[in-house]
>>> print(open('final_1.txt').read())   # compact mmCIF, C-alpha atoms
# COMPACT_ATOMS: atom_id res chain seq x y z
CA MET A 969 -13.12 -67.26 -13.03
CA ARG A 970 -10.06 -65.12 -12.50
CA ARG A 971 -10.27 -61.41 -12.96
CA ILE A 972 -7.85 -58.51 -12.66
CA LEU A 973 -9.03 -55.59 -10.58
CA GLN A 974 -8.41 -52.16 -11.95
CA ALA A 975 -4.95 -51.07 -10.86
CA VAL A 976 -4.93 -47.59 -9.47
CA ILE A 977 -2.38 -44.89 -8.70
CA PHE A 978 -2.34 -42.38 -5.88
CA LEU A 979 -0.42 -39.22 -6.76
CA PHE A 980 0.42 -37.01 -3.80
CA CYS A 981 1.12 -33.72 -5.58
CA THR A 982 2.83 -31.33 -3.20
CA THR A 983 4.19 -27.85 -3.73
CA ALA A 984 7.00 -28.69 -1.31
CA VAL A 985 8.39 -31.67 -3.22
CA LEU A 986 11.65 -31.01 -5.05
CA PRO A 987 13.34 -33.33 -7.58
CA VAL A 988 15.82 -35.75 -6.10
CA GLY A 989 19.36 -35.36 -7.47
CA SER A 990 20.57 -37.44 -10.38
CA GLY A 991 22.65 -39.59 -8.05
CA VAL A 992 19.65 -41.66 -6.94
CA ALA A 993 20.57 -45.33 -7.01
CA SER A 994 18.56 -47.62 -9.26
CA GLY A 995 19.30 -50.89 -7.46
CA ALA A 996 17.12 -52.96 -5.17
CA GLN A 997 15.52 -51.57 -2.02
CA GLY A 998 17.77 -50.42 0.77
CA ALA A 999 17.21 -51.55 4.35
CA GLY A 1000 15.15 -48.47 5.23
CA GLU A 1001 12.99 -48.83 2.13
CA ALA A 1002 12.43 -52.54 2.83
CA ASP A 1003 11.37 -51.62 6.36
CA LEU A 1004 8.96 -49.02 4.98
CA ALA A 1005 7.43 -51.62 2.66
CA ARG A 1006 6.81 -53.98 5.59
CA GLN A 1007 5.37 -51.10 7.60
CA VAL A 1008 3.01 -50.23 4.74
CA LEU A 1009 1.62 -53.76 4.77
CA ALA A 1010 1.29 -53.69 8.57
CA GLU A 1011 -0.52 -50.35 8.35
CA THR A 1012 -2.80 -51.72 5.64
CA ASN A 1013 -3.63 -54.67 7.87
CA LEU A 1014 -4.42 -52.32 10.75
CA ALA A 1015 -6.92 -50.51 8.54
CA ARG A 1016 -8.41 -53.79 7.28
CA THR A 1017 -8.82 -55.37 10.70
CA ALA A 1018 -9.80 -52.27 12.71
CA PRO A 1019 -11.47 -49.79 10.34
CA GLN A 1020 -13.34 -47.89 13.07
CA ARG A 1021 -10.11 -47.38 14.99
CA TYR A 1022 -8.42 -46.25 11.80
CA ALA A 1023 -11.12 -43.65 11.25
CA ASN A 1024 -9.79 -41.87 14.35
CA TYR A 1025 -6.41 -41.34 12.64
CA LEU A 1026 -8.19 -39.62 9.76
CA ARG A 1027 -10.20 -37.45 12.13
CA GLU A 1028 -6.97 -36.33 13.79
CA PHE A 1029 -5.35 -35.73 10.41
CA ARG A 1030 -8.25 -33.47 9.42
CA LYS A 1031 -7.01 -30.87 11.91
CA ARG A 1032 -4.03 -30.24 9.62
CA PHE A 1033 -6.18 -28.86 6.79
CA VAL A 1034 -6.38 -25.20 5.88
CA GLY A 1035 -8.84 -24.93 3.02
CA LYS A 1036 -7.86 -27.60 0.51
CA ALA A 1037 -4.26 -27.82 1.74
CA TYR A 1038 -2.79 -29.62 4.72
CA ARG A 1039 0.50 -29.47 6.57
CA VAL A 1040 2.71 -32.55 6.31
CA PRO A 1041 3.32 -33.97 9.81
CA GLY A 1042 6.69 -32.96 11.20
CA THR A 1043 7.28 -30.25 8.59
CA PHE A 1044 6.06 -26.82 7.53
CA ASN A 1045 5.35 -28.11 4.02
CA MET A 1046 1.81 -27.71 2.71
CA VAL A 1047 0.18 -30.11 0.27
CA MET A 1048 -2.64 -28.97 -2.00
CA THR A 1049 -5.38 -31.55 -2.56
CA SER A 1050 -8.13 -31.75 -5.17
CA GLU A 1051 -11.10 -32.19 -2.85
CA GLY A 1052 -9.95 -30.88 0.50
CA THR A 1053 -11.71 -32.36 3.51
CA LYS A 1054 -14.59 -33.65 1.39
CA ALA A 1055 -12.73 -36.84 0.44
CA LEU A 1056 -11.40 -37.25 3.98
CA ASP A 1057 -14.86 -36.93 5.53
CA GLU A 1058 -16.22 -39.44 3.04
CA ALA A 1059 -13.41 -41.84 3.99
CA VAL A 1060 -14.24 -41.46 7.68
CA ARG A 1061 -17.88 -42.34 6.98
CA TYR A 1062 -16.74 -45.31 4.91
CA LEU A 1063 -14.52 -46.60 7.72
CA ALA A 1064 -17.25 -46.10 10.30
CA ARG A 1065 -19.50 -48.59 8.50
CA GLN A 1066 -16.80 -50.89 7.10
CA ARG A 1067 -16.69 -54.40 8.54
CA PRO A 1068 -13.26 -55.77 9.45
CA VAL A 1069 -11.62 -57.97 6.83
CA PRO A 1070 -8.81 -60.48 7.41
CA ALA A 1071 -5.20 -59.34 7.45
CA LEU A 1072 -3.10 -59.89 4.33
CA SER A 1073 -0.17 -62.28 4.49
CA TRP A 1074 3.21 -61.14 3.21
CA SER A 1075 4.17 -62.58 -0.20
CA PRO A 1076 7.86 -62.42 -1.15
CA GLY A 1077 6.97 -62.99 -4.80
CA LEU A 1078 4.47 -60.13 -4.90
CA ALA A 1079 7.02 -57.95 -3.12
CA GLU A 1080 9.52 -58.75 -5.88
CA ALA A 1081 6.93 -57.84 -8.51
CA ALA A 1082 6.34 -54.53 -6.75
CA ASP A 1083 10.08 -53.92 -6.50
CA ASP A 1084 10.45 -54.42 -10.26
CA LEU A 1085 8.26 -51.36 -10.82
CA VAL A 1086 9.97 -49.37 -8.07
CA ARG A 1087 13.41 -49.96 -9.61
CA GLU A 1088 12.13 -49.14 -13.09
CA GLN A 1089 10.61 -45.83 -12.01
CA THR A 1090 13.50 -44.92 -9.73
CA ALA A 1091 15.61 -44.96 -12.89
CA SER A 1092 13.09 -43.44 -15.33
CA GLY A 1093 11.14 -40.97 -13.20
CA GLU A 1094 7.93 -42.19 -14.82
CA THR A 1095 4.61 -42.98 -13.14
CA GLY A 1096 1.97 -45.59 -13.84
CA HIS A 1097 1.87 -49.34 -14.05
CA GLY A 1098 4.74 -49.93 -16.44
CA ASP A 1099 5.24 -51.30 -19.91
CA ALA A 1100 2.92 -53.54 -21.93
CA GLY A 1101 1.73 -56.37 -19.74
CA GLY A 1102 1.71 -54.10 -16.71
CA ILE A 1103 0.81 -55.56 -13.36
CA LYS A 1104 -0.20 -58.97 -14.74
CA GLY A 1105 3.07 -59.48 -16.55
CA ARG A 1106 5.22 -58.36 -13.61
CA ILE A 1107 3.38 -60.57 -11.15
CA GLU A 1108 3.48 -63.61 -13.41
CA ASP A 1109 7.25 -63.19 -13.77
CA HIS A 1110 7.50 -64.23 -10.12
CA GLY A 1111 4.84 -66.93 -9.79
CA SER A 1112 1.22 -67.84 -10.34
CA TRP A 1113 -1.79 -66.08 -8.86
CA THR A 1114 -5.34 -67.20 -8.15
CA SER A 1115 -8.72 -65.47 -8.05
CA THR A 1116 -7.77 -61.83 -8.59
CA ILE A 1117 -4.89 -59.33 -8.54
CA GLY A 1118 -4.59 -55.60 -8.02
CA GLU A 1119 -2.06 -52.86 -7.47
CA ASN A 1120 -1.82 -49.55 -5.59
CA ILE A 1121 0.96 -47.03 -6.17
CA SER A 1122 1.72 -44.09 -3.89
CA TYR A 1123 4.01 -41.24 -4.89
CA GLY A 1124 5.27 -38.78 -2.30
CA PRO A 1125 4.45 -39.93 1.25
CA ASP A 1126 7.42 -41.41 3.11
CA THR A 1127 5.75 -42.93 6.19
CA ALA A 1128 3.44 -45.93 6.30
CA ARG A 1129 0.67 -43.97 8.02
CA MET A 1130 0.71 -41.23 5.37
CA VAL A 1131 0.86 -43.76 2.51
CA VAL A 1132 -2.13 -45.75 3.74
CA MET A 1133 -4.21 -42.78 4.88
CA GLY A 1134 -3.68 -41.19 1.48
CA LEU A 1135 -4.77 -44.32 -0.34
CA ILE A 1136 -7.87 -44.64 1.82
CA ILE A 1137 -8.81 -40.97 1.39
CA ASP A 1138 -8.16 -41.40 -2.35
CA ASP A 1139 -8.32 -37.68 -3.09
CA GLY A 1140 -9.21 -36.92 -6.69
CA VAL A 1141 -9.90 -40.55 -7.65
CA ARG A 1142 -13.53 -40.78 -8.70
CA ASN A 1143 -14.04 -44.50 -8.10
CA ARG A 1144 -11.91 -44.61 -4.91
CA GLY A 1145 -10.12 -47.60 -6.40
CA HIS A 1146 -7.20 -47.55 -3.95
CA ARG A 1147 -9.59 -47.69 -1.02
CA LYS A 1148 -11.48 -50.56 -2.62
CA ASN A 1149 -8.25 -52.49 -3.09
CA ILE A 1150 -7.26 -52.03 0.55
CA PHE A 1151 -10.58 -53.36 1.84
CA ASN A 1152 -11.17 -56.01 -0.81
CA ARG A 1153 -12.01 -59.25 0.97
CA ALA A 1154 -10.96 -61.24 -2.11
CA PHE A 1155 -7.33 -60.31 -1.50
CA ALA A 1156 -5.55 -62.62 0.95
CA THR A 1157 -1.89 -61.87 0.29
CA ALA A 1158 0.22 -58.90 -0.75
CA GLY A 1159 3.74 -57.66 -1.20
CA ALA A 1160 5.12 -54.14 -1.14
CA ALA A 1161 8.25 -52.27 -2.17
CA CYS A 1162 9.34 -48.67 -1.71
CA GLY A 1163 12.20 -46.59 -3.03
CA PRO A 1164 13.34 -43.15 -4.17
CA HIS A 1165 11.59 -41.42 -7.05
CA PRO A 1166 13.37 -38.64 -8.98
CA VAL A 1167 10.25 -36.45 -9.15
CA TYR A 1168 8.09 -37.37 -6.15
CA ARG A 1169 10.96 -38.40 -3.83
CA THR A 1170 9.27 -41.62 -2.65
CA ILE A 1171 7.37 -44.36 -4.43
CA CYS A 1172 5.59 -47.27 -2.73
CA VAL A 1173 3.97 -50.08 -4.70
CA MET A 1174 1.60 -52.69 -3.28
CA ASP A 1175 0.64 -55.77 -5.28
CA PHE A 1176 -2.34 -57.84 -4.09
CA ALA A 1177 -3.65 -61.30 -4.97
CA GLY A 1178 -6.31 -63.74 -3.89
CA GLY A 1179 -3.52 -66.28 -3.66
CA PHE A 1180 0.04 -66.50 -4.91
CA LYS A 1181 2.61 -69.26 -5.38
CA GLU A 1182 6.21 -68.22 -5.93
CA ARG A 1183 8.29 -69.84 -8.65
>>> encode(input="final_1.txt", output="structure tokens")
Amino acid sequence: MRRILQAVIFLFCTTAVLPVGSGVASGAQGAGEADLARQVLAETNLARTAPQRYANYLREFRKRFVGKAYRVPGTFNMVMTSEGTKALDEAVRYLARQRPVPALSWSPGLAEAADDLVREQTASGETGHGDAGGIKGRIEDHGSWTSTIGENISYGPDTARMVVMGLIIDDGVRNRGHRKNIFNRAFATAGAACGPHPVYRTICVMDFAGGFKER
């Protein structure tokens, strides 16, 4: 029986983020954004296949915290979190006991479904999983899926490491749904897309499936 996993959003709310100017393009991903999308999948696969190794990246990241805020790598910008190091420490414990799961294959069709949402929100400045039909409708516009589907959305981070660490830490998300999606063994394939966002500067969308056949 097919089922749709709860789609979840990761909002990186930072006091340093400023709105992008109105000249942001609303077309398809640029070369740099396409590279970032591929890097996000590669980083996700690193976490899936070597969770104990990945825990070390979180331990190192913890040093950037001052209270509930942390400094963004390479900048003087501080980001205020909801839970501070509590969520990070929980994520480290999770990774320490997490068994490796197989790497996800890249799906062009799922990447196109993710890009549909990126382009829509680049133009609108909105957040969330889109209009009626949401993730299921967007994915089925590009092919047929099997077993299960899911979606993660990151707003703010502009490097693959920060995107994936943030989703694994899952600050402020009670059920840690992003983390569950990343380590879900039922997912075998995924696609990603990234682009500019007029409020949060960067949006990255990952769509997952147990299997996917492009049209």
>>> closest_residue(input="final_1.txt", among="A:Val1167, A:Met1048, A:Ala1156, A:Ala1079", to="Ser1092 in chain A", atoms="all atoms listed in the file")
A:Val1167
>>> closest_residue(input="final_1.txt", among="A:Asp1109, A:Asp1084, A:Asp1138, A:Glu1011", to="Thr1053 in chain A", atoms="all atoms listed in the file")
A:Asp1138
>>> closest_residue(input="final_1.txt", among="A:Arg1067, A:Arg1087, A:Arg1129, A:Arg1016", to="Asn1149 in chain A", atoms="all atoms listed in the file")
A:Arg1016
>>> closest_residue(input="final_1.txt", among="A:Ala1161, A:Ile1171, A:Ala1002, A:Ala1059", to="Glu1094 in chain A", atoms="only C-alpha atoms")
A:Ile1171
>>> residues_around(input="final_1.txt", residues="Ala1005 in chain A", least_positions_apart="3", cutoff="10 Å", atoms="all atoms listed in the file", output="number ranges by chain")
A: 997, 999-1002, 1008-1011, 1079, 1082-1083, 1127-1128, 1159-1163, 1172-1174
>>> build_atoms(input="final_1.txt", residues="range 1056-1072 of chain A", atoms="N, CA and C atoms", output="JSON list (two decimals), in the frame of the given file")
[["chain", "number", "residue", "atom", "x", "y", "z"],
["A", 1056, "LEU", "N", -11.75, -36.72, 2.66],
["A", 1056, "LEU", "CA", -11.40, -37.25, 3.98],
["A", 1056, "LEU", "C", -12.66, -37.58, 4.77],
["A", 1057, "ASP", "N", -13.62, -36.69, 4.78],
["A", 1057, "ASP", "CA", -14.86, -36.93, 5.53],
["A", 1057, "ASP", "C", -15.61, -38.13, 4.97],
["A", 1058, "GLU", "N", -15.58, -38.27, 3.65],
["A", 1058, "GLU", "CA", -16.22, -39.44, 3.04],
["A", 1058, "GLU", "C", -15.51, -40.71, 3.48],
["A", 1059, "ALA", "N", -14.18, -40.67, 3.55],
["A", 1059, "ALA", "CA", -13.41, -41.84, 3.99],
["A", 1059, "ALA", "C", -13.72, -42.20, 5.44],
["A", 1060, "VAL", "N", -13.88, -41.20, 6.28],
["A", 1060, "VAL", "CA", -14.24, -41.46, 7.68],
["A", 1060, "VAL", "C", -15.60, -42.15, 7.76],
["A", 1061, "ARG", "N", -16.56, -41.69, 6.99],
["A", 1061, "ARG", "CA", -17.88, -42.34, 6.98],
["A", 1061, "ARG", "C", -17.77, -43.77, 6.47],
["A", 1062, "TYR", "N", -16.95, -43.97, 5.46],
["A", 1062, "TYR", "CA", -16.74, -45.31, 4.91],
["A", 1062, "TYR", "C", -16.18, -46.24, 5.99],
["A", 1063, "LEU", "N", -15.15, -45.78, 6.69],
["A", 1063, "LEU", "CA", -14.52, -46.60, 7.72],
["A", 1063, "LEU", "C", -15.48, -46.89, 8.87],
["A", 1064, "ALA", "N", -16.32, -45.93, 9.18],
["A", 1064, "ALA", "CA", -17.25, -46.10, 10.30],
["A", 1064, "ALA", "C", -18.23, -47.25, 10.06],
["A", 1065, "ARG", "N", -18.54, -47.52, 8.80],
["A", 1065, "ARG", "CA", -19.50, -48.59, 8.50],
["A", 1065, "ARG", "C", -18.83, -49.84, 7.92],
["A", 1066, "GLN", "N", -17.52, -49.77, 7.71],
["A", 1066, "GLN", "CA", -16.80, -50.89, 7.10],
["A", 1066, "GLN", "C", -16.60, -52.03, 8.10],
["A", 1067, "ARG", "N", -16.94, -53.23, 7.70],
["A", 1067, "ARG", "CA", -16.69, -54.40, 8.54],
["A", 1067, "ARG", "C", -15.22, -54.80, 8.43],
["A", 1068, "PRO", "N", -14.65, -55.30, 9.52],
["A", 1068, "PRO", "CA", -13.26, -55.77, 9.45],
["A", 1068, "PRO", "C", -13.11, -56.88, 8.41],
["A", 1069, "VAL", "N", -11.96, -56.89, 7.75],
["A", 1069, "VAL", "CA", -11.62, -57.97, 6.83],
["A", 1069, "VAL", "C", -10.29, -58.56, 7.27],
["A", 1070, "PRO", "N", -10.03, -59.82, 6.92],
["A", 1070, "PRO", "CA", -8.81, -60.48, 7.41],
["A", 1070, "PRO", "C", -7.54, -59.78, 6.96],
["A", 1071, "ALA", "N", -6.51, -59.91, 7.78],
["A", 1071, "ALA", "CA", -5.20, -59.34, 7.45],
["A", 1071, "ALA", "C", -4.61, -60.05, 6.24],
["A", 1072, "LEU", "N", -3.81, -59.34, 5.49],
["A", 1072, "LEU", "CA", -3.10, -59.89, 4.33],
["A", 1072, "LEU", "C", -1.80, -60.53, 4.79]]
